[in-house]
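Peer 1: Structure file input.cif, mmCIF, N, CA and C atoms, is pasted below:
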```
data_work
loop_
_atom_site.label_atom_id
_atom_site.label_comp_id
_atom_site.auth_asym_id
_atom_site.auth_seq_id
_atom_site.Cartn_x
_atom_site.Cartn_y
_atom_site.Cartn_z
N MET A 1 148.27 72.52 124.39
CA MET A 1 147.82 72.75 123.04
C MET A 1 147.14 74.13 122.99
N ALA A 2 147.47 74.91 121.97
CA ALA A 2 146.93 76.27 121.85
C ALA A 2 145.50 76.23 121.32
N THR A 3 144.73 77.15 121.82
CA THR A 3 143.34 77.26 121.34
C THR A 3 143.30 78.19 120.13
N THR A 4 142.50 77.83 119.16
CA THR A 4 142.37 78.68 117.98
C THR A 4 141.00 79.34 118.00
N ARG A 5 140.94 80.48 117.35
CA ARG A 5 139.66 81.19 117.28
C ARG A 5 138.76 80.51 116.27
N ASP A 6 137.49 80.58 116.52
CA ASP A 6 136.51 80.06 115.59
C ASP A 6 136.60 80.85 114.28
N PHE A 7 136.39 80.17 113.15
CA PHE A 7 136.48 80.80 111.84
C PHE A 7 135.56 82.02 111.74
N ASN A 8 134.32 81.88 112.19
CA ASN A 8 133.37 83.00 112.11
C ASN A 8 133.83 84.20 112.95
N GLU A 9 134.46 83.93 114.07
CA GLU A 9 135.00 85.02 114.89
C GLU A 9 136.14 85.73 114.17
N THR A 10 136.96 84.97 113.48
CA THR A 10 138.07 85.54 112.72
C THR A 10 137.54 86.42 111.59
N VAL A 11 136.54 85.91 110.87
CA VAL A 11 135.93 86.68 109.78
C VAL A 11 135.30 87.95 110.33
N ARG A 12 134.58 87.83 111.42
CA ARG A 12 133.93 89.00 112.04
C ARG A 12 134.95 90.05 112.44
N ALA A 13 136.06 89.62 113.03
CA ALA A 13 137.11 90.57 113.43
C ALA A 13 137.72 91.25 112.21
N ASP A 14 137.97 90.50 111.16
CA ASP A 14 138.51 91.09 109.93
C ASP A 14 137.53 92.08 109.31
N LEU A 15 136.25 91.74 109.32
CA LEU A 15 135.24 92.64 108.77
C LEU A 15 135.17 93.95 109.56
N GLN A 16 135.33 93.87 110.85
CA GLN A 16 135.24 95.06 111.68
C GLN A 16 136.49 95.93 111.58
N ASN A 17 137.63 95.34 111.26
CA ASN A 17 138.89 96.08 111.30
C ASN A 17 139.47 96.48 109.95
N ASN A 18 138.94 95.96 108.84
CA ASN A 18 139.57 96.19 107.56
C ASN A 18 138.53 96.58 106.50
N ALA A 19 138.55 97.86 106.10
CA ALA A 19 137.57 98.37 105.15
C ALA A 19 137.68 97.69 103.79
N GLU A 20 138.89 97.44 103.32
CA GLU A 20 139.05 96.78 102.01
C GLU A 20 138.50 95.36 102.05
N TYR A 21 138.71 94.67 103.15
CA TYR A 21 138.18 93.32 103.33
C TYR A 21 136.65 93.34 103.29
N ARG A 22 136.05 94.34 103.96
CA ARG A 22 134.58 94.47 103.94
C ARG A 22 134.07 94.67 102.53
N ARG A 23 134.70 95.57 101.79
CA ARG A 23 134.26 95.84 100.41
C ARG A 23 134.40 94.58 99.54
N ALA A 24 135.50 93.87 99.70
CA ALA A 24 135.71 92.65 98.93
C ALA A 24 134.68 91.58 99.30
N PHE A 25 134.34 91.51 100.55
CA PHE A 25 133.35 90.54 101.03
C PHE A 25 131.98 90.85 100.43
N LEU A 26 131.60 92.13 100.44
CA LEU A 26 130.31 92.54 99.86
C LEU A 26 130.30 92.29 98.35
N ARG A 27 131.41 92.61 97.68
CA ARG A 27 131.53 92.35 96.24
C ARG A 27 131.36 90.86 95.94
N GLU A 28 131.98 90.04 96.74
CA GLU A 28 131.91 88.60 96.54
C GLU A 28 130.47 88.10 96.71
N ALA A 29 129.78 88.59 97.72
CA ALA A 29 128.40 88.16 97.95
C ALA A 29 127.51 88.50 96.76
N VAL A 30 127.58 89.73 96.30
CA VAL A 30 126.75 90.16 95.17
C VAL A 30 127.20 89.46 93.89
N GLY A 31 128.50 89.31 93.70
CA GLY A 31 129.01 88.63 92.52
C GLY A 31 128.52 87.19 92.43
N CYS A 32 128.48 86.50 93.55
CA CYS A 32 127.98 85.12 93.55
C CYS A 32 126.52 85.06 93.11
N VAL A 33 125.71 85.97 93.65
CA VAL A 33 124.29 85.98 93.30
C VAL A 33 124.11 86.30 91.82
N VAL A 34 124.81 87.32 91.35
CA VAL A 34 124.67 87.73 89.95
C VAL A 34 125.11 86.61 89.00
N SER A 35 126.13 85.85 89.38
CA SER A 35 126.61 84.79 88.51
C SER A 35 125.82 83.49 88.66
N GLY A 36 124.82 83.48 89.54
CA GLY A 36 123.94 82.32 89.65
C GLY A 36 124.18 81.43 90.86
N ASP A 37 125.19 81.71 91.66
CA ASP A 37 125.45 80.92 92.86
C ASP A 37 124.77 81.60 94.05
N VAL A 38 123.45 81.49 94.08
CA VAL A 38 122.64 82.22 95.07
C VAL A 38 122.92 81.73 96.49
N GLU A 39 123.07 80.43 96.66
CA GLU A 39 123.29 79.89 98.01
C GLU A 39 124.57 80.44 98.64
N THR A 40 125.65 80.45 97.88
CA THR A 40 126.91 80.99 98.39
C THR A 40 126.78 82.48 98.64
N GLY A 41 126.13 83.19 97.72
CA GLY A 41 125.94 84.63 97.87
C GLY A 41 125.18 84.98 99.14
N LYS A 42 124.12 84.22 99.42
CA LYS A 42 123.34 84.47 100.64
C LYS A 42 124.19 84.20 101.89
N SER A 43 124.95 83.12 101.85
CA SER A 43 125.79 82.77 102.99
C SER A 43 126.85 83.85 103.26
N VAL A 44 127.50 84.31 102.21
CA VAL A 44 128.54 85.34 102.36
C VAL A 44 127.90 86.64 102.85
N LEU A 45 126.75 86.99 102.30
CA LEU A 45 126.07 88.22 102.72
C LEU A 45 125.65 88.14 104.19
N ARG A 46 125.20 86.99 104.61
CA ARG A 46 124.81 86.81 106.01
C ARG A 46 126.01 87.00 106.94
N LYS A 47 127.16 86.44 106.56
CA LYS A 47 128.38 86.62 107.37
C LYS A 47 128.79 88.10 107.38
N TYR A 48 128.66 88.75 106.23
CA TYR A 48 128.99 90.17 106.14
C TYR A 48 128.13 90.98 107.11
N ILE A 49 126.83 90.73 107.10
CA ILE A 49 125.91 91.47 107.96
C ILE A 49 126.22 91.20 109.42
N ASN A 50 126.45 89.93 109.77
CA ASN A 50 126.79 89.60 111.16
C ASN A 50 128.07 90.28 111.62
N GLY A 51 129.01 90.45 110.71
CA GLY A 51 130.29 91.05 111.08
C GLY A 51 130.32 92.56 111.01
N THR A 52 129.27 93.18 110.45
CA THR A 52 129.28 94.64 110.31
C THR A 52 128.08 95.26 111.02
N VAL A 53 127.03 95.55 110.30
CA VAL A 53 125.91 96.32 110.87
C VAL A 53 125.01 95.52 111.79
N GLY A 54 124.91 94.22 111.58
CA GLY A 54 124.03 93.38 112.37
C GLY A 54 122.61 93.39 111.80
N PHE A 55 121.85 92.35 112.09
CA PHE A 55 120.51 92.22 111.53
C PHE A 55 119.50 93.17 112.15
N VAL A 56 119.70 93.57 113.39
CA VAL A 56 118.76 94.49 114.04
C VAL A 56 118.81 95.86 113.35
N ALA A 57 120.00 96.40 113.18
CA ALA A 57 120.14 97.71 112.52
C ALA A 57 119.71 97.63 111.06
N LEU A 58 120.04 96.54 110.40
CA LEU A 58 119.63 96.37 109.01
C LEU A 58 118.12 96.31 108.89
N GLY A 59 117.48 95.58 109.80
CA GLY A 59 116.02 95.48 109.79
C GLY A 59 115.35 96.83 109.95
N GLU A 60 115.87 97.64 110.86
CA GLU A 60 115.31 98.99 111.06
C GLU A 60 115.50 99.83 109.81
N ALA A 61 116.64 99.70 109.17
CA ALA A 61 116.94 100.53 108.00
C ALA A 61 116.09 100.16 106.78
N VAL A 62 115.83 98.87 106.58
CA VAL A 62 115.09 98.46 105.39
C VAL A 62 113.62 98.16 105.68
N GLY A 63 113.20 98.32 106.93
CA GLY A 63 111.78 98.17 107.27
C GLY A 63 111.30 96.72 107.31
N ARG A 64 112.16 95.82 107.72
CA ARG A 64 111.78 94.41 107.86
C ARG A 64 112.31 93.89 109.19
N SER A 65 111.68 92.87 109.69
CA SER A 65 112.14 92.36 110.99
C SER A 65 113.47 91.64 110.82
N PRO A 66 114.33 91.71 111.84
CA PRO A 66 115.62 91.03 111.76
C PRO A 66 115.47 89.52 111.53
N LYS A 67 114.45 88.94 112.16
CA LYS A 67 114.23 87.50 112.00
C LYS A 67 113.89 87.16 110.55
N THR A 68 113.08 87.98 109.91
CA THR A 68 112.73 87.76 108.50
C THR A 68 113.96 87.86 107.62
N LEU A 69 114.80 88.84 107.89
CA LEU A 69 116.03 89.00 107.11
C LEU A 69 116.94 87.80 107.27
N MET A 70 117.07 87.30 108.51
CA MET A 70 117.91 86.13 108.76
C MET A 70 117.37 84.92 108.01
N GLN A 71 116.05 84.76 108.00
CA GLN A 71 115.45 83.63 107.29
C GLN A 71 115.65 83.76 105.78
N MET A 72 115.48 84.98 105.27
CA MET A 72 115.67 85.24 103.84
C MET A 72 117.05 84.81 103.37
N LEU A 73 118.05 85.11 104.19
CA LEU A 73 119.44 84.83 103.81
C LEU A 73 119.94 83.49 104.34
N GLY A 74 119.04 82.73 104.95
CA GLY A 74 119.39 81.40 105.45
C GLY A 74 119.42 80.38 104.32
N PRO A 75 119.81 79.16 104.63
CA PRO A 75 119.93 78.11 103.60
C PRO A 75 118.62 77.82 102.85
N LYS A 76 117.50 77.92 103.54
CA LYS A 76 116.21 77.65 102.89
C LYS A 76 115.50 78.93 102.46
N GLY A 77 116.11 80.06 102.71
CA GLY A 77 115.49 81.34 102.38
C GLY A 77 115.50 81.64 100.90
N ASN A 78 114.56 82.48 100.48
CA ASN A 78 114.47 82.86 99.08
C ASN A 78 114.06 84.33 99.00
N PRO A 79 115.03 85.24 99.17
CA PRO A 79 114.66 86.66 99.13
C PRO A 79 114.24 87.08 97.73
N THR A 80 113.26 87.97 97.68
CA THR A 80 112.90 88.51 96.37
C THR A 80 114.04 89.41 95.91
N ILE A 81 114.05 89.69 94.63
CA ILE A 81 115.11 90.54 94.09
C ILE A 81 115.03 91.93 94.72
N THR A 82 113.82 92.39 94.99
CA THR A 82 113.65 93.71 95.63
C THR A 82 114.24 93.70 97.03
N ASN A 83 113.93 92.68 97.81
CA ASN A 83 114.48 92.59 99.17
C ASN A 83 116.00 92.49 99.13
N PHE A 84 116.51 91.67 98.24
CA PHE A 84 117.96 91.48 98.16
C PHE A 84 118.66 92.81 97.84
N PHE A 85 118.16 93.52 96.84
CA PHE A 85 118.83 94.76 96.46
C PHE A 85 118.53 95.92 97.41
N ASP A 86 117.44 95.86 98.17
CA ASP A 86 117.24 96.84 99.25
C ASP A 86 118.35 96.66 100.29
N ILE A 87 118.64 95.40 100.62
CA ILE A 87 119.70 95.10 101.58
C ILE A 87 121.05 95.58 101.04
N VAL A 88 121.35 95.22 99.79
CA VAL A 88 122.64 95.58 99.19
C VAL A 88 122.78 97.10 99.09
N ALA A 89 121.71 97.80 98.72
CA ALA A 89 121.76 99.26 98.61
C ALA A 89 122.09 99.89 99.96
N TYR A 90 121.46 99.40 101.02
CA TYR A 90 121.75 99.94 102.34
C TYR A 90 123.20 99.65 102.75
N LEU A 91 123.66 98.43 102.49
CA LEU A 91 125.04 98.07 102.87
C LEU A 91 126.06 98.89 102.09
N GLN A 92 125.78 99.18 100.84
CA GLN A 92 126.68 100.04 100.05
C GLN A 92 126.72 101.44 100.66
N LYS A 93 125.56 101.94 101.07
CA LYS A 93 125.48 103.27 101.67
C LYS A 93 126.31 103.32 102.96
N VAL A 94 126.15 102.32 103.78
CA VAL A 94 126.90 102.26 105.04
C VAL A 94 128.40 102.14 104.77
N GLU A 95 128.74 101.34 103.77
CA GLU A 95 130.15 101.10 103.43
C GLU A 95 130.77 102.29 102.72
N GLY A 96 129.93 103.13 102.10
CA GLY A 96 130.46 104.26 101.35
C GLY A 96 131.04 103.82 100.02
N SER A 97 130.45 102.78 99.44
CA SER A 97 130.95 102.29 98.15
C SER A 97 129.78 102.06 97.22
N ALA A 98 130.08 101.87 95.96
CA ALA A 98 129.05 101.59 94.96
C ALA A 98 129.55 100.44 94.09
N LEU A 99 128.76 99.40 94.02
CA LEU A 99 129.11 98.27 93.17
C LEU A 99 128.62 98.56 91.76
N ALA A 100 129.33 98.04 90.77
CA ALA A 100 128.95 98.24 89.38
C ALA A 100 129.08 96.93 88.62
N VAL A 101 128.25 96.79 87.62
CA VAL A 101 128.32 95.61 86.77
C VAL A 101 129.12 95.99 85.53
N ILE A 102 130.08 95.16 85.18
CA ILE A 102 130.91 95.42 84.01
C ILE A 102 130.58 94.39 82.95
N ASP A 103 130.31 94.87 81.75
CA ASP A 103 130.02 93.98 80.63
C ASP A 103 131.33 93.53 80.01
N ALA A 104 131.65 92.29 80.22
CA ALA A 104 132.89 91.73 79.67
C ALA A 104 132.54 90.66 78.65
N PRO A 105 133.34 90.51 77.62
CA PRO A 105 133.05 89.48 76.64
C PRO A 105 133.11 88.10 77.28
N ALA A 106 132.21 87.25 76.85
CA ALA A 106 132.19 85.89 77.38
C ALA A 106 133.43 85.15 76.93
N LEU A 107 133.91 84.30 77.78
CA LEU A 107 135.07 83.49 77.43
C LEU A 107 134.61 82.38 76.50
N ARG A 108 135.28 82.28 75.36
CA ARG A 108 134.94 81.22 74.41
C ARG A 108 135.80 80.01 74.71
N PRO A 109 135.18 78.84 74.66
CA PRO A 109 136.00 77.64 74.88
C PRO A 109 137.02 77.49 73.75
N ARG A 110 138.19 77.10 74.11
CA ARG A 110 139.25 76.92 73.12
C ARG A 110 139.06 75.60 72.39
N LYS A 111 139.39 75.63 71.12
CA LYS A 111 139.35 74.41 70.34
C LYS A 111 140.60 73.61 70.69
N PRO A 112 140.46 72.31 70.82
CA PRO A 112 141.65 71.52 71.14
C PRO A 112 142.63 71.56 69.98
N ARG A 113 143.89 71.71 70.30
CA ARG A 113 144.95 71.72 69.29
C ARG A 113 145.53 70.33 69.17
N LEU A 114 145.77 69.94 67.94
CA LEU A 114 146.40 68.64 67.72
C LEU A 114 147.89 68.75 67.99
N ASN A 115 148.40 67.78 68.68
CA ASN A 115 149.84 67.73 68.88
C ASN A 115 150.49 67.32 67.57
N LYS A 116 151.74 67.68 67.40
CA LYS A 116 152.45 67.33 66.17
C LYS A 116 152.43 65.83 65.96
N SER A 117 152.48 65.08 67.02
CA SER A 117 152.53 63.62 66.90
C SER A 117 151.21 63.06 66.38
N LYS A 118 150.11 63.81 66.52
CA LYS A 118 148.81 63.33 66.08
C LYS A 118 148.48 63.76 64.66
N ARG A 119 149.26 64.65 64.07
CA ARG A 119 149.01 65.07 62.70
C ARG A 119 149.33 63.94 61.74
N GLN A 120 148.59 63.93 60.67
CA GLN A 120 148.84 62.90 59.68
C GLN A 120 150.15 63.20 58.96
N THR A 121 150.99 62.21 58.88
CA THR A 121 152.27 62.41 58.20
C THR A 121 152.08 62.20 56.71
N GLY A 122 152.92 62.82 55.93
CA GLY A 122 152.86 62.67 54.49
C GLY A 122 151.98 63.70 53.81
N LYS A 123 151.14 64.40 54.56
CA LYS A 123 150.29 65.44 53.98
C LYS A 123 150.77 66.79 54.52
N PRO A 124 151.33 67.62 53.67
CA PRO A 124 151.80 68.91 54.15
C PRO A 124 150.61 69.82 54.49
N PRO A 125 150.80 70.78 55.39
CA PRO A 125 149.74 71.73 55.72
C PRO A 125 149.33 72.52 54.48
N VAL A 126 148.12 73.03 54.49
CA VAL A 126 147.55 73.76 53.36
C VAL A 126 148.43 74.94 52.96
N ALA A 127 149.00 75.63 53.90
CA ALA A 127 149.83 76.80 53.58
C ALA A 127 151.04 76.40 52.75
N ARG A 128 151.64 75.24 53.07
CA ARG A 128 152.80 74.80 52.30
C ARG A 128 152.40 74.41 50.88
N ILE A 129 151.24 73.81 50.73
CA ILE A 129 150.76 73.42 49.40
C ILE A 129 150.54 74.68 48.56
N GLN A 130 149.87 75.67 49.15
CA GLN A 130 149.61 76.91 48.42
C GLN A 130 150.91 77.61 48.06
N ALA A 131 151.87 77.64 48.95
CA ALA A 131 153.16 78.28 48.68
C ALA A 131 153.89 77.54 47.56
N ALA A 132 153.81 76.22 47.56
CA ALA A 132 154.47 75.44 46.50
C ALA A 132 153.82 75.70 45.15
N GLN A 133 152.49 75.84 45.13
CA GLN A 133 151.79 76.12 43.88
C GLN A 133 152.15 77.49 43.35
N LEU A 134 152.27 78.48 44.22
CA LEU A 134 152.64 79.84 43.81
C LEU A 134 154.06 79.86 43.24
N THR A 135 154.96 79.09 43.85
CA THR A 135 156.34 79.03 43.38
C THR A 135 156.41 78.40 41.99
N LYS A 136 155.65 77.34 41.76
CA LYS A 136 155.62 76.67 40.47
C LYS A 136 155.09 77.62 39.38
N ARG A 137 154.08 78.39 39.71
CA ARG A 137 153.49 79.31 38.74
C ARG A 137 154.47 80.41 38.34
N SER A 138 155.18 80.94 39.34
CA SER A 138 156.08 82.05 39.05
C SER A 138 157.35 81.61 38.34
N THR A 139 157.80 80.39 38.54
CA THR A 139 159.01 79.91 37.89
C THR A 139 158.72 79.16 36.61
N GLY A 140 157.56 78.64 36.43
CA GLY A 140 157.28 77.78 35.30
C GLY A 140 156.66 78.41 34.16
#
```
Turn this file's structure into structure tokens for me.

Peer 2:
Amino acid sequence: MATTRDFNETVRADLQNNAEYRRAFLREAVGCVVSGDVETGKSVLRKYINGTVGFVALGEAVGRSPKTLMQMLGPKGNPTITNFFDIVAYLQKVEGSALAVIDAPALRPRKPRLNKSKRQTGKPPVARIQAAQLTKRSTG
């Protein structure tokens, strides 16, 4: 039976070898946090850091201990917004990229459409009634 690599090892190898994958990973981490899924965002960011710069180098760069950073991004951690964006700013600098927020219109929920079978029979749609009235006026 063949041995498979651990998932985290695979992610780490991809992060080290593929610049586009790294940028997408960082985008995903920040996107999760911005959209309110903080737990997933922290987890993705932690994997990104482990696969790229490492917590020791990150700690030196942002002036915090590596252990504190690991705890902040752990399951029970709660980084302040300042700490979170200090980390993201440094990672963007290292990556040579800049993330941006795009203001997009909110998706409106669609109104349910009635199937033809659910429409009341015997009552023509309003447009047909109005068209019939216009025809009667012009001919009569």

Peer 1: In terms of the shortest atom-to-atom distance over only C-alpha atoms, which of A:Lys93, A:Lys47, A:Lys76, A:Arg108 is closest to Glu9 of chain A?

Peer 2: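 Once distances to Glu9 of chain A are computed over only C-alpha atoms, the minimum belongs to A:Lys47.
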
Peer 1: In terms of the shortest atom-to-atom distance over only C-alpha atoms, which of A:Ala89, A:Leu45, A:Ile102, A:Ala29 is closest to Leu73 of chain A?

Peer 2: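 Answer, going by the shortest atom-to-atom distance: A:Leu45.
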
Peer 1: Out of A:Gly96, A:Gly51, A:Pro105, A:Pro79, which residue has the shortest atom-to-atom distance to Leu15 of chain A when counting only N, CA and C atoms?

Peer 2: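 That would be A:Gly51, the residue with the smallest distance to Leu15 of chain A.
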
Peer 1: State, in Å with one decimal place, the distance from atom CA of Phe25 of chain A to atom CA of Pro109 of chain A.

Peer 2: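 Here the two named atoms are 29.3 Å from each other.
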
Peer 1: Name all residues at most 8 Å from segment 67-70 of chain A (count all atoms listed in the file; drop same-chain ones fewer than 3 positions away) and give them as JSON, numbers by chain.

Peer 2: {"A": [46, 55, 56, 58, 59, 64, 73, 74, 75, 77]}

Peer 1: Which residues, named as in the file, does the PyMOL selection byres (((chain A and resi 33 and name CA) around 12) and name CA) pick out? Answer as a ChimeraX atom specification.

Peer 2: /A:26-32,34-45,73,78-79,81,84-85,88

Peer 1: From the DSSP assignment of the backbone, select every residue of segment 4-128 of chain A that is alpha helix (DSSP H), and format the answer as number ranges by chain.

Peer 2: A: 7-17, 19-34, 38-51, 55-62, 66-72, 81-95, 126-128

Peer 1: How many Å lie between atom CA of Met72 of chain A and atom CA of Ser97 of chain A, rounded to one decimal?

Peer 2: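 Straight-line distance from atom CA of Met72 of chain A to atom CA of Ser97 of chain A works out to 23.6 Å.
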
Peer 1: Using atom C of Arg22 of chain A and atom CA of Tyr48 of chain A as the two end points, give the distance in Å to one decimal.

Peer 2: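 So the two atoms, atom C of Arg22 of chain A and atom CA of Tyr48 of chain A, lie 7.7 Å apart.
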
Peer 1: So which one's closest to Thr52 of chain A, A:Ile87, A:Val11, A:Ala98, A:Ala104? Using only N, CA and C atoms, please.

Peer 2: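 Selected residue with least distance to Thr52 of chain A: A:Val11.
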